[in-house]
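Heads up, the thing below is written out as structure tokens.
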Amino acid sequence: MEEIETFEKEESTLEERIYLASQWQLMWWKFRKHKLAYLSLWVLIVLYIISLFCEFLSPYLPDKRFSEYVFAPPTRISIFYKGRLTKPFVYGLKSSINMTTFLREYAIDENKIYPIRFFYRGDRYKLWGFFETNIHLLGVDDGNIFLFGTDNLGRDIFSRVLYGARISLTIGLVGISVSFLLGILLGGIAGYVGGILDEIIMRTVDFLISIPTIPLWMALSAALPRNWPIVKTYFAITIILSLVGWAGLARVVRGKFLSLREGDFVMAARLAGCSELRIIFKHLLPSFLSYMIVSLTLSIPNMILGETALSFLGLGMQPPAISWGVLLQHAQDLNALANYPWILIPCFFVLLSVLMFNFLGDGLRDAADPYSR
């Protein structure tokens, strides 16, 4: 009897919490039940932390060259030496030229052992461009550690992937912010004001949607001067990616405004003396804010893929800029790809980030309707 009373009390407490909870609390509770989306959120947080502290996490500067280790394979980290457990270390590499293929080949030199040191003092850098230091997460004395191998110029791919995350991941956030604002502004004007403005904006949206995305990006990117500095090119690519991204959102926002602008709560707000701007931002937009958040999350992968595709084709970011798309330019050489497959490692990070955003978007889509089962 006591167990039944305890169960009923807990159930009533739970119902009371649900009844008193806000819309955001209900969304958060349901989102946490979506295990894959919740895991994706933490993976994305880790990726953005990596991009934020890439200077500290990378063992070398991204442009540092090791001319004796061109296309060196990934370094293997060992924790056993002669059957005994030891601190992490790497073996040295010895190179030779294959007289048949004339390719440089590498072999492990077990006579040279280099312990891995954490908080290693190596190349000097400026963290976020302000704080000068030489402390790296890991490194080795007198030797080298190439966790992802090296490229055609002997540069450490692991360090370059970490630096590339900063552009590839943030260009999605910056680009979608621009398209998000354009979509809400123009879609809201079209749906709320109507008339000739609605016709002009919607026909513009129809025109943009009808244009193939990749050729449009290629044409606009090809128009950029090749001698522009990295920062200027970065923002130009962001604007280019945002030119098309707002069209779909504007159409949805217009439809929402058309269905809600004659609602009872809008009429009540007008009778209460609310201004048109207050009605839009205080009453209309919050009513479908959850949908916009989901749309925002699902649009970021398109921005990342767009930048990667443009840079891969040589129409986006250009060296010495570092992004995942720039790093994948070497993969266009099938001969290099066949002999040095580790140059495709940046592709794994593109796939990982896009998948995590898609899983996160799926979870947010389910959580946006917290009352559904």
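As shown in the structure tokens, the chain order sets the letters A, B, ...; within each chain, residues go from 1, and ligands are also counted from 1 in the order they appear.
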
**Request:** Check the DSSP output for the backbone and give back, as a ChimeraX atom specification, the residues of region 31-165 of chain A in alpha helix (DSSP H).
**Result:** /A:31-33,35-52,54-57,157-165

Hey, what's within 9 Å of region 268-285 of chain A if we count only C-alpha atoms and toss same-chain stuff fewer than 3 positions away? As a PDB file with N, CA and C atoms, in the first residue's frame, please?
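Result went into selection37.pdb, see below:
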```
ATOM      1  N   ILE A 184      14.581  35.738 -42.068  1.00  0.00           N
ATOM      2  CA  ILE A 184      13.547  36.228 -41.152  1.00  0.00           C
ATOM      3  C   ILE A 184      13.055  37.612 -41.581  1.00  0.00           C
ATOM      4  N   GLY A 188       9.576  37.753 -43.234  1.00  0.00           N
ATOM      5  CA  GLY A 188       8.617  38.430 -42.362  1.00  0.00           C
ATOM      6  C   GLY A 188       7.934  39.589 -43.052  1.00  0.00           C
ATOM      7  N   TYR A 192       3.965  39.491 -43.607  1.00  0.00           N
ATOM      8  CA  TYR A 192       3.207  40.400 -42.733  1.00  0.00           C
ATOM      9  C   TYR A 192       2.674  41.609 -43.485  1.00  0.00           C
ATOM     10  N   VAL A 253       9.130  31.308 -43.370  1.00  0.00           N
ATOM     11  CA  VAL A 253       8.740  32.398 -42.466  1.00  0.00           C
ATOM     12  C   VAL A 253       7.534  33.136 -43.033  1.00  0.00           C
ATOM     13  N   LYS A 256       4.441  31.104 -42.325  1.00  0.00           N
ATOM     14  CA  LYS A 256       4.058  31.185 -40.911  1.00  0.00           C
ATOM     15  C   LYS A 256       3.380  32.523 -40.595  1.00  0.00           C
ATOM     16  N   PHE A 257       3.926  33.600 -41.134  1.00  0.00           N
ATOM     17  CA  PHE A 257       3.335  34.923 -40.883  1.00  0.00           C
ATOM     18  C   PHE A 257       1.945  35.016 -41.491  1.00  0.00           C
ATOM     19  N   LEU A 260      -0.483  33.221 -39.216  1.00  0.00           N
ATOM     20  CA  LEU A 260      -0.617  33.703 -37.843  1.00  0.00           C
ATOM     21  C   LEU A 260      -1.053  35.163 -37.729  1.00  0.00           C
ATOM     22  N   ARG A 261      -0.877  35.939 -38.802  1.00  0.00           N
ATOM     23  CA  ARG A 261      -1.092  37.391 -38.654  1.00  0.00           C
ATOM     24  C   ARG A 261      -2.553  37.757 -38.394  1.00  0.00           C
ATOM     25  N   GLY A 263      -4.464  35.784 -36.482  1.00  0.00           N
ATOM     26  CA  GLY A 263      -4.850  35.000 -35.317  1.00  0.00           C
ATOM     27  C   GLY A 263      -5.442  35.874 -34.216  1.00  0.00           C
ATOM     28  N   ASP A 264      -6.137  35.210 -33.289  1.00  0.00           N
ATOM     29  CA  ASP A 264      -6.797  35.945 -32.195  1.00  0.00           C
ATOM     30  C   ASP A 264      -5.791  36.682 -31.319  1.00  0.00           C
ATOM     31  N   PHE A 265      -4.630  36.057 -31.063  1.00  0.00           N
ATOM     32  CA  PHE A 265      -3.661  36.701 -30.173  1.00  0.00           C
ATOM     33  C   PHE A 265      -3.048  37.938 -30.835  1.00  0.00           C
ATOM     34  N   PHE A 288       6.976  30.373 -33.513  1.00  0.00           N
ATOM     35  CA  PHE A 288       7.600  29.288 -34.296  1.00  0.00           C
ATOM     36  C   PHE A 288       9.135  29.367 -34.221  1.00  0.00           C
ATOM     37  N   LEU A 289       9.624  29.845 -33.069  1.00  0.00           N
ATOM     38  CA  LEU A 289      11.070  29.951 -32.871  1.00  0.00           C
ATOM     39  C   LEU A 289      11.734  28.580 -32.851  1.00  0.00           C
TER      40      LEU A 289
END
```

**Message:** Which residues are near region 312-320 of chain A? Cut-off 9 Å, only C-alpha atoms, ignore same chain within fewer than 4 positions. Put them as a PyMOL selection string.
**Reply:** chain A and resi 63+217-219+221-222+224+226+230+233-234+237+307-308+324-332

Keeping only N, CA and C atoms, write those residues as a tab-separated table (two decimals), in the first residue's frame.
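Done, and the output landed in out_15.tsv:
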```
chain	number	residue	atom	x	y	z
A	63	ASP	N	52.49	25.90	-40.91
A	63	ASP	CA	53.30	26.07	-42.12
A	63	ASP	C	54.74	25.59	-41.93
A	217	TRP	N	27.71	29.23	-56.81
A	217	TRP	CA	28.84	29.48	-55.91
A	217	TRP	C	30.15	29.59	-56.69
A	218	MET	N	30.32	28.69	-57.66
A	218	MET	CA	31.56	28.69	-58.44
A	218	MET	C	31.71	29.99	-59.22
A	219	ALA	N	30.61	30.45	-59.81
A	219	ALA	CA	30.68	31.69	-60.61
A	219	ALA	C	31.01	32.89	-59.73
A	221	SER	N	32.44	32.83	-56.71
A	221	SER	CA	33.77	32.69	-56.11
A	221	SER	C	34.86	32.99	-57.12
A	222	ALA	N	34.63	32.61	-58.38
A	222	ALA	CA	35.63	32.88	-59.42
A	222	ALA	C	35.81	34.37	-59.66
A	224	LEU	N	36.08	36.57	-57.35
A	224	LEU	CA	36.89	37.17	-56.29
A	224	LEU	C	38.33	37.34	-56.75
A	226	ARG	N	42.21	37.10	-56.76
A	226	ARG	CA	43.09	36.10	-56.14
A	226	ARG	C	44.07	36.71	-55.15
A	230	ILE	N	43.54	36.88	-46.62
A	230	ILE	CA	42.77	35.72	-46.15
A	230	ILE	C	41.47	36.15	-45.49
A	233	THR	N	38.90	37.36	-48.00
A	233	THR	CA	38.37	36.23	-48.77
A	233	THR	C	37.41	35.40	-47.93
A	234	TYR	N	37.74	35.25	-46.66
A	234	TYR	CA	36.89	34.48	-45.74
A	234	TYR	C	35.49	35.08	-45.67
A	237	ILE	N	33.59	34.67	-49.03
A	237	ILE	CA	33.04	33.32	-49.19
A	237	ILE	C	31.81	33.15	-48.31
A	307	GLU	N	31.70	25.44	-48.40
A	307	GLU	CA	33.07	25.95	-48.30
A	307	GLU	C	34.07	24.88	-48.69
A	308	THR	N	33.85	23.65	-48.23
A	308	THR	CA	34.77	22.56	-48.54
A	308	THR	C	34.80	22.29	-50.04
A	324	TRP	N	39.59	22.80	-44.15
A	324	TRP	CA	39.53	21.38	-44.53
A	324	TRP	C	39.43	21.23	-46.04
A	325	GLY	N	38.73	22.15	-46.70
A	325	GLY	CA	38.64	22.10	-48.15
A	325	GLY	C	39.98	22.34	-48.82
A	326	VAL	N	40.76	23.30	-48.29
A	326	VAL	CA	42.10	23.56	-48.83
A	326	VAL	C	43.00	22.34	-48.64
A	327	LEU	N	42.91	21.69	-47.49
A	327	LEU	CA	43.75	20.52	-47.23
A	327	LEU	C	43.40	19.36	-48.16
A	328	LEU	N	42.16	19.30	-48.61
A	328	LEU	CA	41.73	18.21	-49.49
A	328	LEU	C	42.09	18.46	-50.95
A	329	GLN	N	42.67	19.62	-51.27
A	329	GLN	CA	43.05	19.88	-52.65
A	329	GLN	C	44.08	18.87	-53.14
A	330	HIS	N	44.93	18.37	-52.23
A	330	HIS	CA	45.95	17.40	-52.63
A	330	HIS	C	45.32	16.07	-53.03
A	331	ALA	N	44.09	15.83	-52.58
A	331	ALA	CA	43.42	14.56	-52.91
A	331	ALA	C	42.99	14.52	-54.38
A	332	GLN	N	43.10	15.62	-55.11
A	332	GLN	CA	42.78	15.60	-56.53
A	332	GLN	C	43.81	14.83	-57.33
```

**Fill in**
In terms of only C-alpha atoms, the residue from A:Trp246, A:Phe66, A:Trp128, A:Phe349 at minimal distance from Ser179 (chain A) is A:Trp246

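Counting only C-alpha atoms, the residue from A:Gly149, A:Gly306, A:Pro115, A:Gly172 that sits nearest to Lys87 (chain A) is A:Pro115.
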
Find the residues of region 228-330 of chain A that sit at most 10 Å from region 201-216 of chain A; for each, write down the nearest two atoms and how far apart they are in Å, to one decimal. Count only C-alpha atoms. Sort by chain, then by number going up, and give it as a Markdown table.
```
| residue | atom | partner | partner_atom | distance |
| --- | --- | --- | --- | --- |
| A:Ile240 | CA | A:Leu216 | CA | 9.0 |
| A:Leu241 | CA | A:Thr213 | CA | 9.3 |
| A:Leu243 | CA | A:Leu208 | CA | 8.5 |
| A:Val244 | CA | A:Leu208 | CA | 6.3 |
| A:Gly245 | CA | A:Ile209 | CA | 9.2 |
| A:Trp246 | CA | A:Val205 | CA | 8.5 |
| A:Ala247 | CA | A:Val205 | CA | 5.1 |
| A:Gly248 | CA | A:Val205 | CA | 7.6 |
| A:Leu249 | CA | A:Val205 | CA | 9.8 |
| A:Ala250 | CA | A:Val205 | CA | 7.8 |
| A:Arg251 | CA | A:Met202 | CA | 7.3 |
| A:Arg254 | CA | A:Met202 | CA | 9.0 |
| A:Gly306 | CA | A:Ile214 | CA | 7.8 |
| A:Ala309 | CA | A:Ile214 | CA | 8.4 |
| A:Leu310 | CA | A:Ile214 | CA | 8.3 |
```

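Each of A:Gly129, A:Gly183, A:Pro88, A:Pro62 was compared to Val252 (chain A) using only C-alpha atoms, and A:Gly183 turns out to be the nearest.
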
Give me, as an mmCIF file with C-alpha atoms, in the first residue's frame, all polymer residues having an atom no more than 12 Å from Ser96 (chain A), counting only C-alpha atoms and skipping those fewer than 4 positions away in the same chain.
```
data_model
loop_
_atom_site.group_PDB
_atom_site.id
_atom_site.type_symbol
_atom_site.label_atom_id
_atom_site.label_comp_id
_atom_site.auth_asym_id
_atom_site.auth_seq_id
_atom_site.Cartn_x
_atom_site.Cartn_y
_atom_site.Cartn_z
ATOM 1 C CA GLU A 68 63.314 15.285 -44.862
ATOM 2 C CA TYR A 69 59.841 13.883 -44.124
ATOM 3 C CA VAL A 70 57.777 14.613 -47.238
ATOM 4 C CA ALA A 72 55.751 10.688 -44.083
ATOM 5 C CA THR A 100 61.919 0.931 -58.736
ATOM 6 C CA THR A 101 59.176 3.475 -58.086
ATOM 7 C CA PHE A 102 61.477 6.422 -57.189
ATOM 8 C CA LEU A 103 59.223 7.146 -54.219
ATOM 9 C CA ARG A 104 60.458 7.965 -50.749
ATOM 10 C CA GLU A 105 59.748 5.141 -48.302
ATOM 11 C CA TYR A 106 59.892 5.209 -44.528
ATOM 12 C CA ALA A 107 60.679 2.542 -41.975
ATOM 13 C CA ILE A 108 60.569 2.552 -38.175
#
```

**Asked** Quick one: of A:Asn227, A:Thr170, A:Ser242, A:Thr133, who's nearest to Ile49 (chain A), counting only C-alpha atoms?
**Response** A:Thr170

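Nearest to Phe359 (chain A) of all the residues A:Ser40, A:Ser67, A:Ser323, A:Gln25 is A:Ser40, based on only C-alpha atoms.
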